[in-house]
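What follows is the content of protein.tsv, which has TSV, C-alpha atoms:
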chain	number	residue	atom	x	y	z
A	813	THR	CA	19.71	8.90	-10.29
A	814	PRO	CA	17.02	11.08	-11.83
A	815	PRO	CA	13.40	9.99	-11.33
A	816	PRO	CA	11.72	8.00	-14.11
A	817	THR	CA	9.56	10.13	-16.41
A	818	ASP	CA	7.58	7.43	-18.24
A	819	GLU	CA	4.14	7.13	-16.58
A	820	ALA	CA	3.61	3.53	-17.74
A	821	GLU	CA	6.98	2.51	-16.28
A	822	VAL	CA	6.23	4.31	-12.99
A	823	LEU	CA	2.79	2.68	-12.81
A	824	SER	CA	4.40	-0.73	-13.30
A	825	ASP	CA	7.13	-0.02	-10.71
A	826	LEU	CA	4.64	1.27	-8.13
A	827	THR	CA	2.28	-1.66	-8.74
A	828	ASP	CA	5.17	-4.03	-7.98
A	829	LEU	CA	5.99	-1.97	-4.90
A	830	GLU	CA	2.34	-2.13	-3.74
A	831	HIS	CA	2.47	-5.95	-3.93
A	832	GLU	CA	5.75	-5.97	-1.96
A	833	TRP	CA	4.21	-3.61	0.60
A	834	THR	CA	1.12	-5.82	0.95
A	835	VAL	CA	3.25	-8.94	1.50
A	836	ALA	CA	5.37	-7.03	4.03
A	837	ASN	CA	2.20	-5.94	5.85
A	838	ILE	CA	0.74	-9.46	5.92
A	839	ASN	CA	4.03	-10.94	7.18
A	840	ALA	CA	4.84	-8.00	9.49
A	841	ASP	CA	8.21	-7.80	7.70
A	842	LYS	CA	9.62	-4.81	9.56
A	843	LYS	CA	12.87	-4.78	7.59
A	844	LYS	CA	11.04	-4.61	4.24
A	845	LEU	CA	8.61	-1.97	5.57
A	846	ASP	CA	11.56	0.11	6.79
A	847	ARG	CA	12.88	0.12	3.22
A	848	ILE	CA	9.52	0.85	1.53
A	849	LEU	CA	8.42	3.63	3.87
A	850	ALA	CA	10.22	6.97	3.86
A	851	ASP	CA	11.31	8.29	7.26
A	852	ASP	CA	8.67	11.05	6.95
A	853	TYR	CA	5.87	8.58	6.08
A	854	VAL	CA	2.41	9.19	7.56
A	855	GLY	CA	-0.46	6.78	6.96
A	856	THR	CA	-4.15	7.38	7.65
A	857	SER	CA	-6.66	4.59	8.09
A	858	GLU	CA	-10.12	4.84	9.62
A	859	GLY	CA	-9.44	8.46	10.56
A	860	LYS	CA	-6.27	7.67	12.53
A	861	SER	CA	-2.81	8.82	11.46
A	862	GLN	CA	0.37	6.91	12.17
A	863	GLY	CA	4.01	7.72	11.48
A	864	LYS	CA	6.56	5.22	10.20
A	865	ALA	CA	8.05	4.27	13.59
A	866	GLU	CA	4.66	3.56	15.19
A	867	TYR	CA	3.43	1.70	12.07
A	868	ILE	CA	6.43	-0.63	12.09
A	869	LYS	CA	6.39	-1.07	15.87
A	870	THR	CA	2.71	-2.04	16.06
A	871	ILE	CA	2.29	-4.19	12.93
A	872	LYS	CA	1.42	-7.84	13.50
A	873	ARG	CA	1.37	-10.81	11.14
A	874	ASP	CA	-2.05	-11.30	9.51
A	875	THR	CA	-2.91	-14.92	8.75
A	876	THR	CA	-6.51	-14.16	7.71
A	877	ILE	CA	-5.74	-12.66	4.29
A	878	GLN	CA	-5.97	-15.35	1.60
A	879	LYS	CA	-5.38	-13.18	-1.48
A	880	TRP	CA	-5.62	-9.63	-2.78
A	881	VAL	CA	-6.26	-7.93	-6.09
A	882	PHE	CA	-5.44	-4.35	-7.03
A	883	GLU	CA	-7.97	-2.70	-9.33
A	884	ASP	CA	-8.29	0.64	-11.13
A	885	LEU	CA	-4.69	1.67	-10.48
A	886	LYS	CA	-3.84	5.15	-11.73
A	887	VAL	CA	-0.65	7.13	-11.32
A	888	ASN	CA	-0.22	10.88	-11.26
A	889	LEU	CA	3.45	11.69	-11.86
A	890	LYS	CA	4.96	15.10	-11.11
A	891	SER	CA	8.74	15.20	-11.31
A	892	ASP	CA	10.10	13.24	-8.32
A	893	ARG	CA	6.64	12.64	-6.81
A	894	ALA	CA	3.99	10.12	-7.71
A	895	THR	CA	0.50	9.47	-6.39
A	896	LEU	CA	-1.03	6.04	-6.92
A	897	THR	CA	-4.77	5.59	-6.48
A	898	GLY	CA	-6.91	2.50	-6.76
A	899	THR	CA	-8.75	-0.17	-4.88
A	900	ILE	CA	-7.64	-3.37	-3.23
A	901	ARG	CA	-9.99	-6.32	-2.85
A	902	LEU	CA	-9.04	-8.80	-0.13
A	903	ASP	CA	-10.20	-12.33	0.52
A	904	VAL	CA	-10.17	-12.63	4.30
A	905	LYS	CA	-11.05	-15.79	6.22
A	906	ASP	CA	-13.06	-14.99	9.35
A	907	GLN	CA	-13.07	-16.98	12.59
A	908	GLN	CA	-15.85	-19.24	11.28
A	909	GLY	CA	-13.79	-20.07	8.19
A	910	GLN	CA	-16.01	-17.99	5.90
A	911	VAL	CA	-14.29	-15.85	3.27
A	912	GLN	CA	-15.20	-12.17	3.24
A	913	SER	CA	-14.12	-9.86	0.42
A	914	PRO	CA	-13.80	-6.30	1.70
A	915	VAL	CA	-12.76	-3.59	-0.74
A	916	PHE	CA	-10.68	-0.56	0.20
A	917	ARG	CA	-9.96	2.61	-1.76
A	918	PHE	CA	-6.45	3.94	-1.30
A	919	THR	CA	-4.21	6.84	-2.20
A	920	ASP	CA	-0.49	6.27	-1.75
A	921	LYS	CA	2.09	9.00	-2.19
A	922	PHE	CA	5.66	8.32	-3.19
A	923	VAL	CA	8.85	10.33	-3.61
A	924	TRP	CA	11.94	9.39	-5.62
A	925	ARG	CA	14.86	9.28	-3.17
A	926	ASP	CA	18.17	7.45	-3.25
A	927	GLY	CA	17.39	6.03	-6.69
A	928	ARG	CA	14.08	4.39	-5.71
A	929	TRP	CA	10.47	5.12	-4.88
A	930	GLN	CA	9.65	5.47	-1.18
A	931	ALA	CA	6.17	5.82	0.31
A	932	THR	CA	5.61	9.13	2.10
A	933	GLY	CA	1.91	8.73	2.79
A	934	SER	CA	-1.15	6.57	2.44
A	935	GLU	CA	-4.85	6.95	3.00
A	936	VAL	CA	-7.08	3.90	3.11
A	937	GLU	CA	-10.85	3.78	3.49
A	938	PRO	CA	-13.36	0.96	3.14
A	939	VAL	CA	-15.60	1.09	0.09
A	940	LYS	CA	-19.21	0.95	1.28
A	941	ASP	CA	-21.14	-2.03	-0.03
A	942	SER	CA	-22.89	-0.98	-3.22
A	943	GLY	CA	-25.26	-3.96	-3.08
A	944	GLN	CA	-23.77	-5.73	-6.10
As structure tokens, please, write out the structure in this file.
Amino acid sequence: TPPPTDEAEVLSDLTDLEHEWTVANINADKKKLDRILADDYVGTSEGKSQGKAEYIKTIKRDTTIQKWVFEDLKVNLKSDRATLTGTIRLDVKDQQGQVQSPVFRFTDKFVWRDGRWQATGSEVEPVKDSGQ
């Protein structure tokens, strides 16, 4: 199957995939993550890189995340490759029951393989508090 060429369609598809990926992360759904992540996936968070096998092996269920919102999503489409950038705002309940709302900037890279988008890389970094 050739890769989609309509940027709006790809943005919609990748936004859906980001939500699936987030749910899979929260639930430590290794089967779903295995499908979303390409075999050559490498993710970087807080300066540390991790390949697909280690990512899936070490992920644990996260019961602290209450909700998430993607903001400012933009796609850059080049043939069978797409880069999605944006921010994700989480509502996380801490040990005292207080809700914190950290924001992270991310860049996720995808490739069209086997008739679907697969994640080949991600970079995530916290957005420093701007005092708002």
Contacts of range 902-919 of chain A at 7 Å (all atoms listed in the file; same-chain gap of 4+ positions) as a count of residues only: 16
query = Which neighbours of Lys864 in chain A fall inside 9 Å, counting all atoms listed in the file, when residues of the same chain fewer than 3 positions from it are skipped, and could you give them as a VMD selection string?
reply = chain A and resid 845 to 846 849 to 855 867 to 869
Next on the checklist: As an exercise, work out the distance from CA of Thr817 in chain A to CA of Thr899 in chain A in Å and give it to one decimal place.
Outcome noted: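 Distance reported for this atom pair: 24.0 Å.
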CA of Lys843 in chain A sits from CA of Pro815 in chain A at a separation of 24.0 Å
Min atom-atom distance to Arg925 in chain A from the set A:Pro814, A:Ala820, A:Gly859, A:Glu830, counting only C-alpha atoms, belongs to A:Pro814
Given 6 Å of margin on each side, can you work out the centre and size in Å (one decimal) of an axis-aligned box holding every listed atom of range 844-847 of chain A, as JSON?
{"center_x": 10.7, "center_y": -2.2, "center_z": 5.0, "size_x": 16.3, "size_y": 16.7, "size_z": 15.6}
### Query
Between A:Val822, A:Thr813, A:Lys940, A:Asn837, which is the closest to Ile871 in chain A once you count only C-alpha atoms?
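Answer, going by the shortest atom-to-atom distance: A:Asn837.
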From CA of Leu885 in chain A to CA of Arg928 in chain A the spacing works out at 19.6 Å
Report task. Between A:Asp828, A:Glu866, A:Glu858, A:Asp920, single out the one closest to Arg893 in chain A, counting all atoms listed in the file. Result ->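 Looking only at the distances to Arg893 in chain A, the closest residue turns out to be A:Asp920.
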Between A:Arg847, A:Gly927, A:Arg901, A:Val887, smallest distance to Trp833 in chain A by all atoms listed in the file belongs to A:Arg847
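Between Gly933 in chain A and the candidates A:Asp874, A:Ala865, A:Thr856, A:Asp892, the tightest atom-to-atom separation, counting only C-alpha atoms, involves A:Thr856.
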